[in-house]
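Asker: Below is one structure. I have some questions about it.
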Amino acid sequence: METKAAPEATAAEAKSAAELLRKKTFNRNKWFYSVSGIGRDMSYSLIDSFLLIYIQFGVSLTLAQFTTLSLIIGVGGRIWDAITDPLMGAIIERAPFQNGKFRPWILLGGILCGLVIITMFNIQSIPGWRFVVFMTVMYLLWESTFTMNDIGYWAMLPSLSSVKEERNSITTLTVLFAGVGAILAQGIIPQVTVGDMRAGYRFVSILIAVVFIGCQALLYFTVKEPPRRKVEQSENISLKKMWKTIARNDQVLWMTLSMLFYNIGSTMLIALAANLIYLELGYNGTLYFYVVVAYGVTMVAVNALYPWLANKLGRKRLQNTSILVASIGYLAIAAMGWSPALPFNIALLCAFAILVSGGQALFYMTCIINMANCVEYNDYKHGERNEAVVSTLRPFMAKFAAAMHTLIVTLVLAVSGTFLLSQSISTLETQRDFFDKKDVAAQ
């Protein structure tokens, strides 16, 4: 008996040591992976929330030129996504890199995307239709390079652990730090750019690009990827097989549909808030900052409380509650200014933005966790994880929703006459930038 106990004890000790090492690696991965999301969401917010504002208030265009550019970004960008997103997912699955399945694409995409962002906002002397062509090319380049980073990043998340509790914890932390990045961008950009639009965006684009690249480099050099399973190493995944994988996973299809509607709704408030505040309350970045703080602090707080709320209520009930809370906030904002009981002022706007932010944060967190779990569901049903393939639809739906909100915002600005009003500000901003440069040259 003693001679048999020793090998069994040794095996148990080795297993225990291996598990301790795995947990240590996971905890390290969890923090560095999540923190790297700050730069990513700062760069995404710059384009998603502020590109149209920059074009509207910082560039002199006719209504036809502005509308054409918005339609190209909205429709043309989505056609481009329909090609590049699934293609990138298939490329990641087949990539032969020895230093990781995801990390090389994350770093390369981050570097190239950062350079595109700097170019996009620092070449400003191109007038009229030539600017429309220039920004179209830059936007498609941004789409391509960010897709390279984005799909690799989110596809990596479910691969970091197959333990449900660990995967939920890293997802929660990732969304939390992504929210921090978005808040930083939405808080800093109006403060730097309002009143000095062109120079402000030149500076902030460089700042955000540097942070973005730095965060992706941090992930590349600190996060350790788990080794590919043999079935994944030998698997030859075609585009046809990729679409088949997505189509037969009913859970991921429903989750992406939910994400589509969420992303359309959630971006509308930020997209129109700037115009609403600048033209209704005053061209003042501080007022916009108040809304961002109310919205952002609520989102971070709710994300931090999410694990506790999910344990108390369960994900399904929490998701239903989140929809109700956000809907009340949106209806209250829509009713502002129509009666003395609900006047339009910054205090009430911030209060209702808190309801919207809280509801949306809960809904988004639940969706992201469910999406990550779809990888395990795919493995359970079909014996294949295919993280990149399953994760392709999340960024695709986010960018498709961005196109939808771009089209809606463009329609609102054109039909309401808001764009023509904002062009008077754009003219003054252009003139100020011109004379500032002349003063610098004279010195």
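Quick note on naming: the chains in the structure tokens go A, B, ... in the order shown, residues restart at 1 in each chain, and ligands are numbered from 1 in order of appearance.
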For Met404 in chain A, work out the shell of residues within 12 Å, counting only C-alpha atoms and skipping chain neighbours fewer than 4 positions away, then give it as a list in words.

Answerer: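 Near neighbours after the sequence-gap exclusion: Asp48, Ser70, Leu71, Ile72, Ile73, Gly74, Val75, Gly76, Gly77, Arg78, Leu260, Phe261, Tyr262, Asn263, Ile264, Gly265, Ser266, Thr267, Met268, Ala271, Met397, Ala398, Lys399, Phe400, Ile408, Val409, Thr410 and Leu411 of chain A.
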
Asker: Can you write out the residues you just picked, keeping N, CA, C and O atoms, as a CSV table (one decimal), in the first residue's frame?

Answerer:
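File produced: result33.csv:
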chain,number,residue,atom,x,y,z
A,48,ASP,N,-16.3,57.0,-33.0
A,48,ASP,CA,-17.8,56.7,-32.9
A,48,ASP,C,-18.6,57.8,-32.4
A,48,ASP,O,-19.7,58.1,-32.9
A,70,SER,N,-21.5,61.4,-44.7
A,70,SER,CA,-22.1,60.6,-43.6
A,70,SER,C,-22.7,59.3,-44.2
A,70,SER,O,-22.6,58.2,-43.6
A,71,LEU,N,-23.3,59.4,-45.4
A,71,LEU,CA,-23.8,58.2,-46.0
A,71,LEU,C,-22.7,57.2,-46.4
A,71,LEU,O,-22.9,56.0,-46.3
A,72,ILE,N,-21.6,57.7,-46.9
A,72,ILE,CA,-20.5,56.8,-47.2
A,72,ILE,C,-20.0,56.1,-46.0
A,72,ILE,O,-19.7,54.9,-46.0
A,73,ILE,N,-19.8,56.9,-44.9
A,73,ILE,CA,-19.4,56.3,-43.6
A,73,ILE,C,-20.4,55.2,-43.1
A,73,ILE,O,-20.1,54.1,-42.7
A,74,GLY,N,-21.7,55.6,-43.2
A,74,GLY,CA,-22.7,54.7,-42.7
A,74,GLY,C,-23.0,53.5,-43.5
A,74,GLY,O,-23.0,52.4,-43.0
A,75,VAL,N,-23.2,53.7,-44.9
A,75,VAL,CA,-23.5,52.5,-45.7
A,75,VAL,C,-22.2,51.9,-46.3
A,75,VAL,O,-22.0,50.7,-46.2
A,76,GLY,N,-21.3,52.7,-46.8
A,76,GLY,CA,-20.1,52.1,-47.4
A,76,GLY,C,-19.2,51.4,-46.3
A,76,GLY,O,-18.6,50.4,-46.6
A,77,GLY,N,-19.2,52.0,-45.1
A,77,GLY,CA,-18.4,51.4,-44.1
A,77,GLY,C,-19.0,50.0,-43.7
A,77,GLY,O,-18.2,49.1,-43.4
A,78,ARG,N,-20.3,49.8,-43.7
A,78,ARG,CA,-20.9,48.6,-43.4
A,78,ARG,C,-20.7,47.5,-44.4
A,78,ARG,O,-20.5,46.3,-44.2
A,260,LEU,N,-27.3,44.4,-31.4
A,260,LEU,CA,-27.5,45.3,-32.4
A,260,LEU,C,-28.5,46.4,-31.9
A,260,LEU,O,-28.2,47.6,-32.1
A,261,PHE,N,-29.6,46.0,-31.4
A,261,PHE,CA,-30.5,47.0,-30.9
A,261,PHE,C,-30.0,47.9,-29.7
A,261,PHE,O,-30.2,49.1,-29.6
A,262,TYR,N,-29.2,47.2,-28.9
A,262,TYR,CA,-28.5,47.9,-27.8
A,262,TYR,C,-27.6,49.0,-28.3
A,262,TYR,O,-27.7,50.2,-27.9
A,263,ASN,N,-26.8,48.6,-29.2
A,263,ASN,CA,-25.8,49.6,-29.7
A,263,ASN,C,-26.4,50.8,-30.5
A,263,ASN,O,-25.9,51.9,-30.4
A,264,ILE,N,-27.5,50.5,-31.2
A,264,ILE,CA,-28.2,51.6,-31.9
A,264,ILE,C,-28.7,52.6,-30.9
A,264,ILE,O,-28.5,53.8,-31.0
A,265,GLY,N,-29.4,52.1,-29.9
A,265,GLY,CA,-30.0,52.9,-28.9
A,265,GLY,C,-29.0,53.6,-28.0
A,265,GLY,O,-29.1,54.8,-27.7
A,266,SER,N,-28.0,52.9,-27.6
A,266,SER,CA,-27.0,53.5,-26.6
A,266,SER,C,-26.2,54.6,-27.1
A,266,SER,O,-25.8,55.5,-26.4
A,267,THR,N,-25.9,54.6,-28.4
A,267,THR,CA,-25.1,55.6,-29.0
A,267,THR,C,-25.9,56.9,-29.4
A,267,THR,O,-25.3,57.9,-29.6
A,268,MET,N,-27.2,56.8,-29.5
A,268,MET,CA,-28.0,57.9,-29.9
A,268,MET,C,-27.9,59.1,-28.9
A,268,MET,O,-27.8,60.2,-29.3
A,271,ALA,N,-24.5,60.8,-29.3
A,271,ALA,CA,-24.4,61.3,-30.6
A,271,ALA,C,-25.2,62.7,-30.8
A,271,ALA,O,-24.7,63.6,-31.4
A,397,MET,N,-21.7,43.7,-35.2
A,397,MET,CA,-23.0,44.3,-34.9
A,397,MET,C,-22.8,45.7,-34.3
A,397,MET,O,-23.6,46.6,-34.5
A,398,ALA,N,-21.7,45.9,-33.5
A,398,ALA,CA,-21.4,47.2,-32.9
A,398,ALA,C,-21.2,48.2,-34.0
A,398,ALA,O,-21.7,49.4,-33.9
A,399,LYS,N,-20.4,47.9,-35.0
A,399,LYS,CA,-20.1,48.8,-36.1
A,399,LYS,C,-21.3,49.0,-37.0
A,399,LYS,O,-21.5,50.1,-37.6
A,400,PHE,N,-22.1,47.9,-37.2
A,400,PHE,CA,-23.3,48.1,-38.0
A,400,PHE,C,-24.3,49.0,-37.3
A,400,PHE,O,-24.9,49.9,-38.0
A,408,ILE,N,-29.1,58.0,-38.8
A,408,ILE,CA,-30.2,58.7,-38.1
A,408,ILE,C,-29.8,60.1,-37.7
A,408,ILE,O,-30.5,61.1,-37.9
A,409,VAL,N,-28.5,60.2,-37.2
A,409,VAL,CA,-28.1,61.5,-36.8
A,409,VAL,C,-28.0,62.5,-38.0
A,409,VAL,O,-28.3,63.6,-37.9
A,410,THR,N,-27.5,61.9,-39.1
A,410,THR,CA,-27.4,62.8,-40.3
A,410,THR,C,-28.7,63.3,-40.8
A,410,THR,O,-28.9,64.4,-41.1
A,411,LEU,N,-29.7,62.4,-40.7
A,411,LEU,CA,-31.1,62.8,-41.1
A,411,LEU,C,-31.6,63.8,-40.2
A,411,LEU,O,-32.2,64.8,-40.7

Asker: Quick one: residues within 12 Å of Leu331 in chain A, only C-alpha atoms counted, chain neighbours fewer than 6 positions away excluded, as a PDB file with N, CA, C and O atoms, in the first residue's frame?

Answerer:
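Generated file (part-v2.pdb):
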ATOM      1  N   LEU A 269     -27.907  58.760 -27.618  1.00  0.00           N
ATOM      2  CA  LEU A 269     -27.890  59.832 -26.615  1.00  0.00           C
ATOM      3  C   LEU A 269     -26.615  60.660 -26.721  1.00  0.00           C
ATOM      4  O   LEU A 269     -26.665  61.894 -26.778  1.00  0.00           O
ATOM      5  N   LEU A 324     -36.255  48.259 -18.526  1.00  0.00           N
ATOM      6  CA  LEU A 324     -37.273  49.155 -17.942  1.00  0.00           C
ATOM      7  C   LEU A 324     -36.647  50.470 -17.480  1.00  0.00           C
ATOM      8  O   LEU A 324     -37.163  51.559 -17.781  1.00  0.00           O
ATOM      9  N   VAL A 325     -35.525  50.396 -16.768  1.00  0.00           N
ATOM     10  CA  VAL A 325     -34.877  51.605 -16.235  1.00  0.00           C
ATOM     11  C   VAL A 325     -34.408  52.516 -17.365  1.00  0.00           C
ATOM     12  O   VAL A 325     -34.631  53.742 -17.341  1.00  0.00           O
ATOM     13  N   LEU A 342     -41.268  69.825 -16.590  1.00  0.00           N
ATOM     14  CA  LEU A 342     -40.003  69.226 -17.012  1.00  0.00           C
ATOM     15  C   LEU A 342     -39.246  70.203 -17.910  1.00  0.00           C
ATOM     16  O   LEU A 342     -39.151  70.013 -19.124  1.00  0.00           O
ATOM     17  N   LEU A 349     -31.237  66.922 -17.273  1.00  0.00           N
ATOM     18  CA  LEU A 349     -30.625  66.087 -18.306  1.00  0.00           C
ATOM     19  C   LEU A 349     -29.637  65.106 -17.675  1.00  0.00           C
ATOM     20  O   LEU A 349     -29.605  63.923 -18.053  1.00  0.00           O
ATOM     21  N   PHE A 352     -31.650  62.266 -15.754  1.00  0.00           N
ATOM     22  CA  PHE A 352     -32.235  61.247 -16.630  1.00  0.00           C
ATOM     23  C   PHE A 352     -31.154  60.445 -17.360  1.00  0.00           C
ATOM     24  O   PHE A 352     -31.359  59.269 -17.685  1.00  0.00           O
ATOM     25  N   ALA A 353     -29.999  61.088 -17.606  1.00  0.00           N
ATOM     26  CA  ALA A 353     -28.878  60.354 -18.208  1.00  0.00           C
ATOM     27  C   ALA A 353     -28.378  59.263 -17.267  1.00  0.00           C
ATOM     28  O   ALA A 353     -27.912  58.206 -17.719  1.00  0.00           O
ATOM     29  N   LEU A 355     -30.309  57.425 -15.305  1.00  0.00           N
ATOM     30  CA  LEU A 355     -31.211  56.285 -15.507  1.00  0.00           C
ATOM     31  C   LEU A 355     -30.857  55.524 -16.777  1.00  0.00           C
ATOM     32  O   LEU A 355     -30.803  54.287 -16.788  1.00  0.00           O
ATOM     33  N   VAL A 356     -30.623  56.269 -17.849  1.00  0.00           N
ATOM     34  CA  VAL A 356     -30.272  55.632 -19.122  1.00  0.00           C
ATOM     35  C   VAL A 356     -28.969  54.850 -18.982  1.00  0.00           C
ATOM     36  O   VAL A 356     -28.864  53.695 -19.407  1.00  0.00           O
TER      37      VAL A 356
END

Asker: Enumerate the residues of range 77-178 of chain A with a DSSP assignment of helix (DSSP H, G or I), computed from the backbone, and present them as a ChimeraX atom specification.

Answerer: /A:77-94,103-122,128-160,164-178

Asker: Val192 in chain A: which residues within 9 Å, counting only C-alpha atoms, same-chain residues fewer than 5 positions away excluded, as a ChimeraX atom specification?

Answerer: /A:197,199-201,203-204,285

Asker: Go ahead and save the picked residues with N, CA and C atoms, as a compact mmCIF listing (two decimals), in the first residue's frame.

Answerer:
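What ended up in part32.txt:
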# COMPACT_ATOMS: atom_id res chain seq x y z
N MET A 197 -11.57 73.87 -32.07
CA MET A 197 -11.91 72.55 -32.59
C MET A 197 -10.78 71.89 -33.37
N ALA A 199 -7.43 72.61 -33.76
CA ALA A 199 -6.20 72.37 -32.99
C ALA A 199 -6.44 71.34 -31.90
N GLY A 200 -7.61 71.38 -31.29
CA GLY A 200 -7.94 70.43 -30.23
C GLY A 200 -7.93 69.00 -30.72
N TYR A 201 -8.52 68.76 -31.89
CA TYR A 201 -8.55 67.40 -32.42
C TYR A 201 -7.18 66.94 -32.91
N PHE A 203 -4.41 67.64 -31.38
CA PHE A 203 -3.74 67.21 -30.14
C PHE A 203 -4.34 65.93 -29.58
N VAL A 204 -5.64 65.88 -29.48
CA VAL A 204 -6.29 64.75 -28.81
C VAL A 204 -6.15 63.46 -29.62
N GLY A 285 -18.01 73.32 -23.55
CA GLY A 285 -17.60 71.95 -23.28
C GLY A 285 -17.86 71.52 -21.85

Asker: Expressed in Å to a single decimal, how great is the separation between CA of Ser159 in chain A and CA of Pro86 in chain A?

Answerer: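 Separation between CA of Ser159 in chain A and CA of Pro86 in chain A: 18.7 Å.
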
Asker: By how many Å are CA of Met156 in chain A and CA of Asp41 in chain A apart?

Answerer: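 Spanning CA of Met156 in chain A to CA of Asp41 in chain A is a straight-line distance of 16.5 Å.
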
Asker: Near Arg315 in chain A, counting only C-alpha atoms, which residues have an atom at most 8 Å away, once you skip same-chain residues fewer than 4 positions from it, shown as a list in words?

Answerer: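 So, after excluding close chain neighbours, the residues are Ala310, Gln319 and Thr366 of chain A.
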
Asker: Would you save the residues of that selection, restricted to C-alpha atoms, as a PDB file, in the first residue's frame?

Answerer:
ATOM      1  CA  ALA A 310     -26.453  39.203 -10.887  1.00  0.00           C
ATOM      2  CA  GLN A 319     -31.750  42.218 -18.056  1.00  0.00           C
ATOM      3  CA  THR A 366     -25.308  40.708 -19.375  1.00  0.00           C
TER       4      THR A 366
END

Asker: Of the candidates A:Tyr290, A:Tyr364, A:Tyr295, A:Phe212, which shows the shortest atom-to-atom distance to Asn320 in chain A, using only C-alpha atoms?

Answerer: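 Using only C-alpha atoms, the shortest distance to Asn320 in chain A belongs to A:Tyr364.
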
Asker: One decimal, in Å: what's the spacing between CA of Met135 in chain A and CA of Phe66 in chain A?

Answerer: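 Between these atoms lies a distance of 11.0 Å.
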
Asker: Measuring between only C-alpha atoms, which one of A:Asn27, A:Ser43, A:Ser169, A:Thr136 shows the shortest distance to Ala304 in chain A?

Answerer: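 Among the listed residues, A:Ser169 lies closest to Ala304 in chain A.
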
Asker: Pick from A:Tyr283, A:Arg167, A:Ile369, A:Thr68: nearest to Trp129 in chain A, with only C-alpha atoms counted?

Answerer: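 Answer, going by the shortest atom-to-atom distance: A:Thr68.
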
Asker: Could you tell me which of A:Ile354, A:Leu362, A:Ile151, A:Ile183 comes closest to Gly296 in chain A if we count only C-alpha atoms?

Answerer: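 Answer, going by the shortest atom-to-atom distance: A:Ile183.
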